[in-house]
$ cat model.csv   # CSV, C-alpha atoms and all ligand atoms
chain,number,residue,atom,x,y,z
A,11,MET,CA,13.3,68.9,55.4
A,12,ILE,CA,14.9,68.2,58.8
A,13,THR,CA,15.0,64.5,59.7
A,14,ALA,CA,14.5,63.1,63.2
A,15,ALA,CA,18.2,62.1,63.2
A,16,GLU,CA,19.3,65.7,62.7
A,17,ILE,CA,17.4,66.9,65.8
A,18,GLN,CA,19.6,66.8,68.8
A,19,PRO,CA,17.5,65.5,71.7
A,20,GLU,CA,17.6,67.0,75.2
A,21,PHE,CA,19.3,64.6,77.5
A,22,GLU,CA,18.0,64.0,81.0
A,23,SER,CA,21.4,62.7,82.2
A,24,LEU,CA,25.0,62.2,81.2
A,25,LEU,CA,24.3,58.5,81.1
A,26,GLU,CA,21.5,59.0,78.6
A,27,ARG,CA,23.8,61.2,76.5
A,28,LYS,CA,26.5,58.4,76.5
A,29,ALA,CA,23.9,55.9,75.4
A,30,PHE,CA,22.9,58.2,72.6
A,31,GLU,CA,26.5,58.2,71.4
A,32,ARG,CA,26.8,54.4,71.6
A,33,ILE,CA,23.8,53.0,69.8
A,34,ARG,CA,21.9,53.3,66.5
A,35,ARG,CA,19.7,56.4,66.5
A,36,GLU,CA,16.4,54.6,65.9
A,37,ALA,CA,17.1,52.3,68.8
A,38,PHE,CA,18.0,55.2,71.1
A,39,ASP,CA,14.8,57.0,70.1
A,40,TYR,CA,12.7,53.8,70.8
A,41,ILE,CA,14.2,53.6,74.3
A,42,ALA,CA,14.3,57.3,75.3
A,43,ARG,CA,11.3,58.8,73.6
A,44,GLY,CA,7.7,58.7,74.8
A,45,ALA,CA,4.1,58.9,73.6
A,46,GLY,CA,2.6,62.0,71.9
A,47,SER,CA,4.1,65.3,73.1
A,48,GLU,CA,5.9,63.5,75.9
A,49,ALA,CA,4.1,65.5,78.5
A,50,THR,CA,3.7,62.5,80.8
A,51,MET,CA,7.2,61.3,80.3
A,52,LYS,CA,8.5,64.7,81.4
A,53,GLU,CA,5.9,65.0,84.2
A,54,ASN,CA,7.2,61.7,85.6
A,55,LEU,CA,10.4,63.4,86.5
A,56,GLY,CA,8.8,66.7,87.5
A,57,ALA,CA,6.6,64.8,90.0
A,58,PHE,CA,9.7,63.8,91.9
A,59,SER,CA,11.1,67.3,91.9
A,60,LYS,CA,8.1,68.6,93.8
A,61,TRP,CA,9.0,66.6,96.9
A,62,LYS,CA,11.9,67.6,99.1
A,63,ILE,CA,13.4,65.5,101.9
A,64,ARG,CA,12.9,67.0,105.4
A,65,PRO,CA,15.7,65.2,107.3
A,66,ARG,CA,15.9,64.1,110.9
A,67,VAL,CA,19.3,64.3,112.6
A,68,LEU,CA,21.1,62.7,115.6
A,69,ARG,CA,19.6,59.3,115.0
A,70,ASN,CA,22.7,57.1,115.0
A,71,VAL,CA,22.9,56.1,111.3
A,72,ALA,CA,26.1,54.1,111.7
A,73,GLU,CA,24.3,51.1,110.3
A,74,ILE,CA,21.9,51.4,107.3
A,75,ASP,CA,19.9,48.5,106.2
A,76,LEU,CA,18.5,48.6,102.7
A,77,SER,CA,16.8,45.2,102.8
A,78,THR,CA,13.1,44.6,102.7
A,79,THR,CA,10.7,41.8,102.2
A,80,LEU,CA,8.4,41.2,99.2
A,81,PHE,CA,6.1,38.1,98.9
A,82,ASN,CA,7.9,36.5,101.9
A,83,ARG,CA,11.3,36.9,100.2
A,84,LYS,CA,14.0,39.1,101.5
A,85,LEU,CA,15.3,41.6,98.9
A,86,SER,CA,18.8,43.1,99.3
A,87,SER,CA,17.4,46.5,98.3
A,88,PRO,CA,13.9,47.9,97.6
A,89,PHE,CA,14.1,47.7,93.8
A,90,LEU,CA,13.7,45.4,90.9
A,91,PHE,CA,14.6,45.5,87.2
A,92,ALA,CA,11.5,46.7,85.3
A,93,PRO,CA,10.3,44.5,82.5
A,94,ILE,CA,11.9,46.0,79.4
A,95,GLY,CA,11.6,44.1,76.2
A,96,VAL,CA,13.8,44.2,73.1
A,97,GLN,CA,17.1,44.7,75.1
A,98,ARG,CA,19.2,43.5,72.2
A,99,ILE,CA,18.6,46.9,70.6
A,100,ALA,CA,20.8,48.4,73.4
A,101,HIS,CA,23.5,45.7,73.4
A,102,PRO,CA,23.9,42.4,71.6
A,103,ASP,CA,23.9,40.5,75.0
A,104,GLY,CA,20.6,42.2,75.9
A,105,GLU,CA,18.7,40.6,78.8
A,106,LEU,CA,21.5,38.0,79.3
A,107,ALA,CA,23.8,40.8,80.4
A,108,SER,CA,21.3,42.6,82.6
A,109,ALA,CA,20.2,39.2,84.2
A,110,ARG,CA,23.8,38.5,85.1
A,111,VAL,CA,23.9,41.7,87.1
A,112,ALA,CA,20.5,40.9,88.7
A,113,LYS,CA,22.1,37.6,89.9
A,114,ALA,CA,25.3,39.2,91.1
A,115,THR,CA,23.5,42.0,93.0
A,116,ASP,CA,20.5,39.9,94.2
A,117,VAL,CA,17.9,42.2,92.5
A,118,PRO,CA,14.8,40.5,91.1
A,119,PHE,CA,14.6,40.7,87.3
A,120,VAL,CA,11.3,40.9,85.5
A,121,VAL,CA,11.6,39.2,82.1
A,122,SER,CA,9.5,40.8,79.5
A,123,SER,CA,7.2,38.9,77.2
A,124,ALA,CA,8.8,40.9,74.4
A,125,ALA,CA,12.4,40.0,75.5
A,126,SER,CA,15.0,39.5,72.8
A,127,TYR,CA,16.0,36.2,74.4
A,128,SER,CA,13.7,33.4,75.6
A,129,MET,CA,12.7,33.1,79.3
A,130,GLU,CA,14.6,29.8,79.3
A,131,GLU,CA,17.8,31.4,78.2
A,132,ILE,CA,17.4,34.3,80.7
A,133,ALA,CA,16.5,31.9,83.5
A,134,SER,CA,19.8,30.2,83.1
A,135,GLU,CA,21.5,33.5,84.1
A,136,LEU,CA,19.3,34.1,87.1
A,137,GLU,CA,19.0,32.6,90.6
A,138,GLU,CA,15.5,31.1,90.9
A,139,SER,CA,14.6,33.6,93.6
A,140,THR,CA,15.2,36.6,91.3
A,141,ARG,CA,13.1,35.3,88.4
A,142,TRP,CA,9.8,37.2,87.6
A,143,PHE,CA,7.9,37.1,84.4
A,144,GLN,CA,5.9,39.9,82.7
A,145,LEU,CA,3.0,38.7,80.7
A,146,TYR,CA,1.4,40.4,77.8
A,147,CYS,CA,-2.0,38.6,77.7
A,148,SER,CA,-2.2,37.4,74.2
A,149,LEU,CA,-5.1,37.7,71.9
A,150,GLU,CA,-4.7,33.9,71.7
A,151,ASP,CA,-5.5,32.2,75.0
A,152,THR,CA,-3.3,29.2,74.0
A,153,VAL,CA,-0.3,31.4,73.8
A,154,THR,CA,-1.1,33.1,77.1
A,155,LYS,CA,-1.4,29.8,78.8
A,156,SER,CA,1.8,28.5,77.3
A,157,LEU,CA,3.8,31.5,78.4
A,158,VAL,CA,2.4,31.2,82.0
A,159,ASN,CA,3.2,27.4,82.0
A,160,ARG,CA,6.7,28.0,80.8
A,161,ALA,CA,7.3,30.6,83.4
A,162,GLU,CA,6.2,28.2,86.1
A,163,ALA,CA,8.2,25.4,84.7
A,164,ASN,CA,11.3,27.6,84.6
A,165,GLY,CA,11.1,28.6,88.2
A,166,TYR,CA,9.7,32.1,87.8
A,167,SER,CA,8.2,33.2,91.1
A,168,ALA,CA,5.7,36.0,90.1
A,169,ILE,CA,3.7,37.0,87.1
A,170,VAL,CA,3.4,40.7,86.3
A,171,ILE,CA,0.5,41.4,83.9
A,172,THR,CA,0.8,44.6,82.1
A,173,VAL,CA,-2.6,46.2,81.8
A,174,ASP,CA,-1.8,49.6,80.2
A,175,THR,CA,-1.2,48.4,76.7
A,176,PRO,CA,-4.6,47.4,75.3
A,177,VAL,CA,-3.2,49.2,72.2
A,178,LEU,CA,0.2,50.7,71.6
A,179,GLY,CA,0.7,54.3,72.5
A,180,ILE,CA,1.2,56.9,69.8
A,181,ARG,CA,5.0,57.1,69.5
A,182,GLU,CA,5.6,59.8,67.0
A,183,THR,CA,9.4,59.4,66.7
A,184,ASP,CA,9.2,55.7,66.0
A,185,ALA,CA,6.6,56.4,63.4
A,186,HIS,CA,8.8,59.0,61.8
A,187,ASN,CA,11.8,56.7,62.0
A,188,GLN,CA,9.7,53.9,60.6
A,189,TYR,CA,11.2,51.8,63.3
A,190,SER,CA,9.8,48.8,65.1
A,191,PRO,CA,12.1,46.5,67.1
A,192,LEU,CA,9.4,43.8,67.0
A,193,GLU,CA,9.3,43.9,63.2
A,194,GLU,CA,13.0,43.7,63.2
A,195,GLY,CA,12.9,40.5,65.3
A,196,ASP,CA,14.4,41.9,68.5
A,197,GLY,CA,11.5,41.1,70.7
A,198,CYS,CA,10.6,37.6,69.7
A,199,GLY,CA,12.7,35.5,72.1
A,200,ASN,CA,9.6,34.1,73.9
A,201,TYR,CA,7.4,33.5,70.8
A,202,LEU,CA,9.4,31.9,68.0
A,203,ASN,CA,10.1,28.8,70.2
A,204,ASP,CA,6.7,28.7,71.8
A,205,PRO,CA,4.7,25.6,70.7
A,206,ALA,CA,1.3,27.3,71.0
A,207,PHE,CA,2.6,30.3,69.0
A,208,ARG,CA,4.1,28.1,66.3
A,209,ALA,CA,0.8,26.2,66.0
A,210,LEU,CA,-0.8,29.5,64.8
A,211,LEU,CA,1.6,29.9,61.9
A,212,ALA,CA,0.9,28.6,58.4
A,213,ARG,CA,4.7,28.1,57.9
A,214,PRO,CA,7.4,27.9,60.6
A,215,PRO,CA,9.4,31.0,61.4
A,216,GLU,CA,12.4,29.3,59.8
A,217,ALA,CA,10.5,29.3,56.5
A,218,ASP,CA,8.8,32.7,56.7
A,219,MET,CA,10.2,34.9,59.5
A,220,LYS,CA,8.4,38.0,58.3
A,221,ALA,CA,5.0,36.4,58.7
A,222,ALA,CA,5.9,35.0,62.1
A,223,LEU,CA,7.0,38.4,63.4
A,224,GLN,CA,3.8,40.0,62.0
A,225,LYS,CA,1.8,37.3,63.8
A,226,GLN,CA,3.5,38.1,67.1
A,227,ILE,CA,2.7,41.8,66.6
A,228,ASP,CA,-0.9,40.9,65.8
A,229,ILE,CA,-1.5,38.8,68.9
A,230,ILE,CA,1.0,40.1,71.5
A,231,ASP,CA,-1.7,41.8,73.5
A,232,GLN,CA,-5.4,41.6,74.0
A,233,PRO,CA,-7.4,44.9,73.6
A,234,GLY,CA,-10.5,43.0,75.1
A,235,LEU,CA,-8.8,42.2,78.4
A,236,ASP,CA,-11.0,43.0,81.3
A,237,TRP,CA,-11.5,42.0,85.0
A,238,ASP,CA,-13.5,38.9,83.9
A,239,GLU,CA,-10.8,37.8,81.5
A,240,LEU,CA,-8.2,38.2,84.2
A,241,LYS,CA,-10.0,35.5,86.2
A,242,LYS,CA,-8.9,33.0,83.5
A,243,ILE,CA,-5.3,33.8,84.2
A,244,ARG,CA,-5.9,33.7,87.9
A,245,ARG,CA,-7.0,30.1,87.4
A,246,MET,CA,-4.0,29.3,85.3
A,247,THR,CA,-1.4,29.7,88.1
A,248,LYS,CA,-0.8,29.7,91.8
A,249,LEU,CA,2.0,32.2,91.4
A,250,PRO,CA,1.5,35.7,92.8
A,251,ILE,CA,0.0,38.0,90.2
A,252,LEU,CA,0.7,41.7,90.0
A,253,LEU,CA,-1.0,44.2,87.7
A,254,LYS,CA,1.4,46.7,86.1
A,255,GLY,CA,-0.1,50.0,85.0
A,256,ILE,CA,-2.6,50.9,87.8
A,257,LEU,CA,-3.0,54.7,88.2
A,258,HIS,CA,-6.6,55.1,89.5
A,259,PRO,CA,-7.6,54.3,93.1
A,260,GLU,CA,-10.8,52.7,91.9
A,261,ASP,CA,-8.7,50.2,89.9
A,262,ALA,CA,-6.6,49.6,93.0
A,263,LYS,CA,-9.8,48.7,94.8
A,264,LEU,CA,-10.9,46.4,92.0
A,265,ALA,CA,-7.5,44.7,92.2
A,266,LEU,CA,-8.1,43.9,95.9
A,267,GLU,CA,-11.6,42.6,95.1
A,268,HIS,CA,-10.2,40.3,92.4
A,269,ASN,CA,-7.6,38.8,94.8
A,270,ILE,CA,-4.6,40.3,92.9
A,271,ASP,CA,-1.4,39.9,94.9
A,272,GLY,CA,0.3,43.2,94.1
A,273,ILE,CA,0.0,46.3,92.0
A,274,ILE,CA,2.5,48.4,90.1
A,275,VAL,CA,1.7,52.0,89.9
A,276,SER,CA,3.0,52.9,86.4
A,277,ASN,CA,2.3,54.8,83.3
A,278,HIS,CA,4.8,52.7,81.3
A,279,GLY,CA,7.4,55.5,81.4
A,280,GLY,CA,5.1,57.9,79.5
A,281,ARG,CA,5.2,55.6,76.5
A,282,GLN,CA,1.4,54.9,76.4
A,283,LEU,CA,-1.2,57.5,77.3
A,284,ASP,CA,0.3,61.0,77.0
A,285,HIS,CA,-1.1,63.6,79.4
A,286,CYS,CA,-1.9,61.0,82.0
A,287,ILE,CA,-1.0,61.4,85.6
A,288,ALA,CA,2.6,60.9,86.7
A,289,SER,CA,3.1,57.7,88.6
A,290,LEU,CA,4.4,59.4,91.7
A,291,ASP,CA,1.4,61.7,91.8
A,292,ALA,CA,-1.0,58.7,91.6
A,293,LEU,CA,0.7,56.9,94.4
A,294,PRO,CA,-0.7,58.5,97.6
A,295,ASP,CA,-4.4,58.0,96.8
A,296,ILE,CA,-3.7,54.4,95.8
A,297,ALA,CA,-1.7,53.8,99.0
A,298,GLN,CA,-4.7,55.1,100.9
A,299,VAL,CA,-7.0,52.5,99.2
A,300,ILE,CA,-4.6,49.6,99.6
A,301,GLN,CA,-3.8,50.2,103.3
A,302,LYS,CA,-0.8,47.8,103.2
A,303,ARG,CA,-3.1,44.8,102.3
A,304,ILE,CA,-0.9,43.9,99.2
A,305,PRO,CA,2.4,45.3,98.1
A,306,ILE,CA,2.5,48.4,96.0
A,307,LEU,CA,5.4,48.8,93.5
A,308,LEU,CA,6.0,51.9,91.4
A,309,ASP,CA,7.9,52.8,88.3
A,310,SER,CA,8.2,55.7,85.8
A,311,GLY,CA,10.7,58.3,86.6
A,312,ILE,CA,13.0,56.6,89.1
A,313,ARG,CA,16.4,57.9,88.2
A,314,THR,CA,18.4,58.1,91.5
A,315,GLY,CA,18.4,56.6,95.0
A,316,VAL,CA,16.8,59.8,96.2
A,317,ASP,CA,13.8,59.0,93.9
A,318,VAL,CA,13.6,55.6,95.4
A,319,PHE,CA,13.5,57.2,98.9
A,320,LYS,CA,10.7,59.5,97.9
A,321,ALA,CA,8.6,56.8,96.3
A,322,LEU,CA,8.9,54.6,99.5
A,323,ALA,CA,8.1,57.6,101.6
A,324,LEU,CA,4.8,58.1,99.7
A,325,GLY,CA,3.7,54.5,100.1
A,326,ALA,CA,5.5,52.2,97.7
A,327,ASP,CA,7.0,49.0,99.1
A,328,ALA,CA,9.5,48.8,96.3
A,329,VAL,CA,10.2,50.4,92.9
A,330,LEU,CA,11.2,49.2,89.4
A,331,LEU,CA,14.2,50.7,87.6
A,332,GLY,CA,13.7,51.2,83.9
A,333,ARG,CA,15.5,53.4,81.4
A,334,PRO,CA,18.7,54.0,83.6
A,335,PHE,CA,19.7,50.4,83.5
A,336,ILE,CA,19.1,50.2,79.7
A,337,TYR,CA,21.3,53.2,79.2
A,338,GLY,CA,23.9,51.5,81.3
A,339,LEU,CA,23.5,48.4,79.1
A,340,ALA,CA,23.9,50.5,76.0
A,341,VAL,CA,27.0,52.3,77.3
A,342,ASN,CA,28.9,49.3,78.6
A,343,GLY,CA,26.9,46.0,78.6
A,344,GLU,CA,27.0,44.1,81.8
A,345,ALA,CA,29.5,46.4,83.5
A,346,GLY,CA,27.4,49.4,82.6
A,347,VAL,CA,24.3,47.9,84.2
A,348,ARG,CA,26.3,47.0,87.3
A,349,GLN,CA,27.4,50.6,87.7
A,350,VAL,CA,23.9,51.8,87.5
A,351,ILE,CA,22.7,49.4,90.2
A,352,HIS,CA,25.7,50.3,92.5
A,353,LYS,CA,25.1,54.0,92.0
A,354,ILE,CA,21.4,53.8,92.9
A,355,ARG,CA,22.1,51.7,95.9
A,356,HIS,CA,24.8,54.1,97.1
A,357,GLU,CA,22.5,57.1,96.6
A,358,LEU,CA,19.7,55.4,98.5
A,359,GLU,CA,22.0,54.5,101.4
A,360,THR,CA,23.5,58.0,101.6
A,361,SER,CA,20.1,59.7,101.5
A,362,MET,CA,18.8,57.4,104.2
A,363,ALA,CA,21.8,58.2,106.4
A,364,LEU,CA,21.4,62.0,105.8
A,365,ALA,CA,17.7,61.9,106.3
A,366,GLY,CA,17.9,59.9,109.5
A,367,ALA,CA,16.2,56.7,108.3
A,368,ARG,CA,18.1,53.5,109.3
A,369,THR,CA,15.8,51.0,107.7
A,370,ILE,CA,13.4,50.9,104.8
A,371,GLN,CA,10.5,50.8,107.3
A,372,GLU,CA,11.7,54.1,108.8
A,373,ILE,CA,11.2,55.9,105.5
A,374,ASN,CA,7.8,57.6,105.7
A,375,SER,CA,6.0,60.7,104.5
A,376,ASP,CA,7.0,62.6,107.7
A,377,LEU,CA,10.4,62.9,106.0
A,378,LEU,CA,9.0,64.6,102.9
A,379,PHE,CA,8.0,68.2,102.3
A,380,ASN,CA,5.9,69.2,99.2
A,381,SER,CA,7.1,72.5,97.7
B,1,LIG,C1,12.6,50.3,75.7
B,1,LIG,C2,11.5,50.0,76.7
B,1,LIG,C3,10.8,48.7,76.5
B,1,LIG,C4,9.8,48.4,77.5
B,1,LIG,N1,9.2,47.2,77.4
B,1,LIG,C5,8.3,46.8,78.3
B,1,LIG,C6,7.7,45.6,78.2
B,1,LIG,O1,8.0,44.7,77.4
B,1,LIG,N2,6.7,45.3,79.1
B,1,LIG,C7,6.3,46.2,80.1
B,1,LIG,O2,5.4,45.9,80.9
B,1,LIG,N3,6.9,47.4,80.1
B,1,LIG,C8,7.9,47.7,79.3
B,1,LIG,N4,8.5,49.0,79.4
B,1,LIG,C9,8.1,49.9,80.5
B,1,LIG,C10,8.9,49.6,81.7
B,1,LIG,O3,8.6,48.4,82.3
B,1,LIG,C11,8.7,50.7,82.8
B,1,LIG,O4,7.3,50.8,83.1
B,1,LIG,C12,9.2,52.1,82.3
B,1,LIG,O5,10.4,52.0,81.7
B,1,LIG,C13,9.3,53.0,83.5
B,1,LIG,O6,9.7,54.3,83.1
B,1,LIG,P1,11.2,54.9,83.2
B,1,LIG,O7,12.0,53.9,82.5
B,1,LIG,O8,11.1,56.2,82.6
B,1,LIG,O9,11.5,55.0,84.7
B,1,LIG,C14,9.5,49.3,78.5
B,1,LIG,C15,10.2,50.5,78.6
B,1,LIG,C16,11.2,50.8,77.7
B,1,LIG,C17,11.9,52.1,77.9
B,2,LIG,C1,1.6,45.6,73.1
B,2,LIG,C2,2.9,46.4,73.3
B,2,LIG,C3,4.2,45.8,72.9
B,2,LIG,C4,5.3,46.7,73.2
B,2,LIG,C5,6.6,46.0,73.5
B,2,LIG,C6,7.5,46.7,74.3
B,2,LIG,C7,7.0,47.8,75.2
B,2,LIG,O1,6.2,47.5,76.2
B,2,LIG,C8,7.4,49.1,75.1
B,2,LIG,O2,7.0,50.0,75.9
B,2,LIG,O3,8.1,49.5,74.1

$ encode --input "model.csv" --output "structure tokens"
Amino acid sequence: MITAAEIQPEFESLLERKAFERIRREAFDYIARGAGSEATMKENLGAFSKWKIRPRVLRNVAEIDLSTTLFNRKLSSPFLFAPIGVQRIAHPDGELASARVAKATDVPFVVSSAASYSMEEIASELEESTRWFQLYCSLEDTVTKSLVNRAEANGYSAIVITVDTPVLGIRETDAHNQYSPLEEGDGCGNYLNDPAFRALLARPPEADMKAALQKQIDIIDQPGLDWDELKKIRRMTKLPILLKGILHPEDAKLALEHNIDGIIVSNHGGRQLDHCIASLDALPDIAQVIQKRIPILLDSGIRTGVDVFKALALGADAVLLGRPFIYGLAVNGEAGVRQVIHKIRHELETSMALAGARTIQEINSDLLFNS
């Protein structure tokens, strides 16, 4: 029988291939593979290819300004680090290394609930202004509240609630590999030290690590989460709340009605519902509903600065970078992540100059052509 390890994957980039060569096969598969037949994961990239840039010329592009504003804070460029958990599977320094790059490049960093390190450890590598926290609403309210309180106490400036994971997607390669980074203890940085979480355990993690990790898996998310439940979290914090995983315009409308501060159009990188709509394809209808009342962010398929350009042109205010920076981390730790950020910035700046857009505000759908 052929094992998963014997099948040579198709690589979407040289960077991905290098990451493949660098890390344990199961970890690579966890990062790179998607749910089901991976139709959505592939479609995320295909959606970007359908759009071409229709450039304007003779616009004096001697000065290009990549900066933009989000929640009254100036960003040096219109992107953030997506919340990616378990980063230690890519490199022993995990989130600490990528956070150092976030600080050095002034790019907001969304710390995952399922991070390998704790939000306190990661905060110490970040400027306060670049600290965002991604929340998996726990099955246990006490844990949810504790995570939110800790984020506030540690100077995080926004809470991203992921809403596309009521259950885990069907990830066939991980099942085949019998691999779970949470079971292996690579995503427990925020839980093992959490007082509310520890209070749920019969014995402390130091005495029974296996049971503690299983408890985290059992309670990490809440399948019963709904708009009413979200009101509880709204009451827990005054920080801006964004919902990550919005794909339907009616849900965008509901987000407005529930005083949500921002949305992230995302299908979790094709890791959750296979055969669902590509994020970029979902964006125009959502932008139509939102009408600039709250910021729209987008992820799933951003690979280059040209992709950033296209997402902004179709109505996103900013985007989140996902797999590319994790591949950079796998290939060369902090230096690898820095290279990815610099490359994407350079590509965005160059495509803006060549398309005749001097500022982020000048990027609009008139500069795109759908083929
Ligand atoms: C290894 C890995 C772990 C992830 N962990 C989280 C997580 O903890 N929380 C979350 O909201 N999204 C998580 N995501 C999804 C990303 O935030 C983002 O939506 C996705 O990577 C975008 O797709 P792309 O990387 O293909 O561009 C994870 C993605 C990957 C690849
Ligand atoms: C309830 C989902 C836990 C998954 C943790 C990491 C993640 O989001 C991923 O996509 O992988």

$ closest_residue --input "model.csv" --among "A:Tyr127, A:Phe379, A:Tyr40, A:Phe81" --to "ligand LIG 2 (chain B)" --atoms "all atoms listed in the file"
A:Tyr40

$ residues_near_ligand --input "model.csv" --ligand "ligand LIG 1 (chain B)" --cutoff "7 Å" --atoms "all atoms listed in the file" --output "compact mmCIF listing (two decimals) with C-alpha atoms, in the coordinates of the input"
# COMPACT_ATOMS: atom_id res chain seq x y z
CA TYR A 40 12.70 53.80 70.80
CA ILE A 41 14.20 53.60 74.30
CA ALA A 42 14.30 57.30 75.30
CA MET A 51 7.20 61.30 80.30
CA ALA A 92 11.50 46.70 85.30
CA PRO A 93 10.30 44.50 82.50
CA ILE A 94 11.90 46.00 79.40
CA GLY A 95 11.60 44.10 76.20
CA VAL A 96 13.80 44.20 73.10
CA SER A 122 9.50 40.80 79.50
CA SER A 123 7.20 38.90 77.20
CA ALA A 124 8.80 40.90 74.40
CA ALA A 125 12.40 40.00 75.50
CA GLN A 144 5.90 39.90 82.70
CA THR A 172 0.80 44.60 82.10
CA LYS A 254 1.40 46.70 86.10
CA SER A 276 3.00 52.90 86.40
CA ASN A 277 2.30 54.80 83.30
CA HIS A 278 4.80 52.70 81.30
CA GLY A 279 7.40 55.50 81.40
CA GLY A 280 5.10 57.90 79.50
CA ASP A 309 7.90 52.80 88.30
CA SER A 310 8.20 55.70 85.80
CA GLY A 311 10.70 58.30 86.60
CA ILE A 312 13.00 56.60 89.10
CA ARG A 313 16.40 57.90 88.20
CA LEU A 331 14.20 50.70 87.60
CA GLY A 332 13.70 51.20 83.90
CA ARG A 333 15.50 53.40 81.40
CA PRO A 334 18.70 54.00 83.60

$ closest_atom_pairs --input "model.csv" --of "chain A" --to "ligand LIG 2 (chain B)" --cutoff "6 Å" --atoms "only C-alpha atoms and all ligand atoms" --output "JSON lines"
{"residue": "A:Gly95", "atom": "CA", "partner": "B:LIG2", "partner_atom": "C6", "distance": 5.2}
{"residue": "A:Ala124", "atom": "CA", "partner": "B:LIG2", "partner_atom": "C5", "distance": 5.6}
{"residue": "A:Thr175", "atom": "CA", "partner": "B:LIG2", "partner_atom": "C1", "distance": 5.4}
{"residue": "A:Leu178", "atom": "CA", "partner": "B:LIG2", "partner_atom": "C2", "distance": 5.4}
{"residue": "A:Ile230", "atom": "CA", "partner": "B:LIG2", "partner_atom": "C1", "distance": 5.8}
{"residue": "A:Asp231", "atom": "CA", "partner": "B:LIG2", "partner_atom": "C1", "distance": 5.0}
{"residue": "A:Arg281", "atom": "CA", "partner": "B:LIG2", "partner_atom": "O2", "distance": 5.9}

$ atom_distance --input "model.csv" --atom1 "atom CA of A:Asp75" --atom2 "atom CA of A:Ile270"
29.1 Å

$ residues_around --input "model.csv" --residues "A:Arg98" --least-positions-apart "6" --cutoff "9 Å" --atoms "all atoms listed in the file" --output "list in words"
Gly104, Glu105, Ala125, Ser126, Tyr127, Asp196 and Gly197 of chain A

$ residues_near_point --input "model.csv" --point "(17.6, 57.7, 110.8)" --cutoff "7 Å" --atoms "only C-alpha atoms" --output "list of chain:residue names"
A:Arg66, A:Arg69, A:Asn70, A:Val71, A:Met362, A:Ala363, A:Ala365, A:Gly366, A:Ala367, A:Arg368

$ residues_around --input "model.csv" --residues "stretch 111-121 of chain A" --least-positions-apart "3" --cutoff "8 Å" --atoms "all atoms listed in the file" --output "ChimeraX atom specification"
/A:85-87,89-95,105,107-108,125,129,132,135-137,139-144,170,344,347-348,351

$ atom_distance --input "model.csv" --atom1 "atom CA of A:Glu193" --atom2 "atom CA of A:Glu20"
27.3 Å

$ closest_residue --input "model.csv" --among "A:Gln97, A:Thr183, A:Asn164, A:Gln298" --to "A:Glu48" --atoms "all atoms listed in the file"
A:Thr183

$ atom_distance --input "model.csv" --atom1 "atom CA of A:Met219" --atom2 "atom CA of A:Val158"
24.1 Å

$ closest_residue --input "model.csv" --among "A:Lys242, A:Arg32, A:His258, A:Arg110" --to "A:Ala288" --atoms "all atoms listed in the file"
A:His258

$ closest_residue --input "model.csv" --among "A:Glu138, A:Asn374, A:Gln301, A:Glu267" --to "A:Ala163" --atoms "all atoms listed in the file"
A:Glu138

$ build_atoms --input "model.csv" --residues "stretch 116-126 of chain A" --atoms "N, CA and C atoms" --output "tab-separated table (two decimals), keeping the file's coordinate frame"
chain	number	residue	atom	x	y	z
A	116	ASP	N	21.68	40.41	93.47
A	116	ASP	CA	20.50	39.90	94.20
A	116	ASP	C	19.30	40.84	94.03
A	117	VAL	N	19.07	41.29	92.80
A	117	VAL	CA	17.90	42.20	92.50
A	117	VAL	C	16.98	41.42	91.59
A	118	PRO	N	15.69	41.27	91.96
A	118	PRO	CA	14.80	40.50	91.10
A	118	PRO	C	14.71	41.16	89.68
A	119	PHE	N	14.56	40.28	88.71
A	119	PHE	CA	14.60	40.70	87.30
A	119	PHE	C	13.28	40.28	86.65
A	120	VAL	N	12.55	41.24	86.11
A	120	VAL	CA	11.30	40.90	85.50
A	120	VAL	C	11.49	40.75	83.98
A	121	VAL	N	11.42	39.50	83.55
A	121	VAL	CA	11.60	39.20	82.10
A	121	VAL	C	10.40	39.60	81.34
A	122	SER	N	10.59	40.38	80.29
A	122	SER	CA	9.50	40.80	79.50
A	122	SER	C	8.99	39.74	78.53
A	123	SER	N	7.68	39.71	78.27
A	123	SER	CA	7.20	38.90	77.20
A	123	SER	C	7.88	39.17	75.89
A	124	ALA	N	8.21	40.46	75.69
A	124	ALA	CA	8.80	40.90	74.40
A	124	ALA	C	10.36	40.91	74.52
A	125	ALA	N	10.91	40.02	75.34
A	125	ALA	CA	12.40	40.00	75.50
A	125	ALA	C	13.03	39.53	74.17
A	126	SER	N	14.29	39.91	74.01
A	126	SER	CA	15.00	39.50	72.80
A	126	SER	C	15.42	38.00	72.94
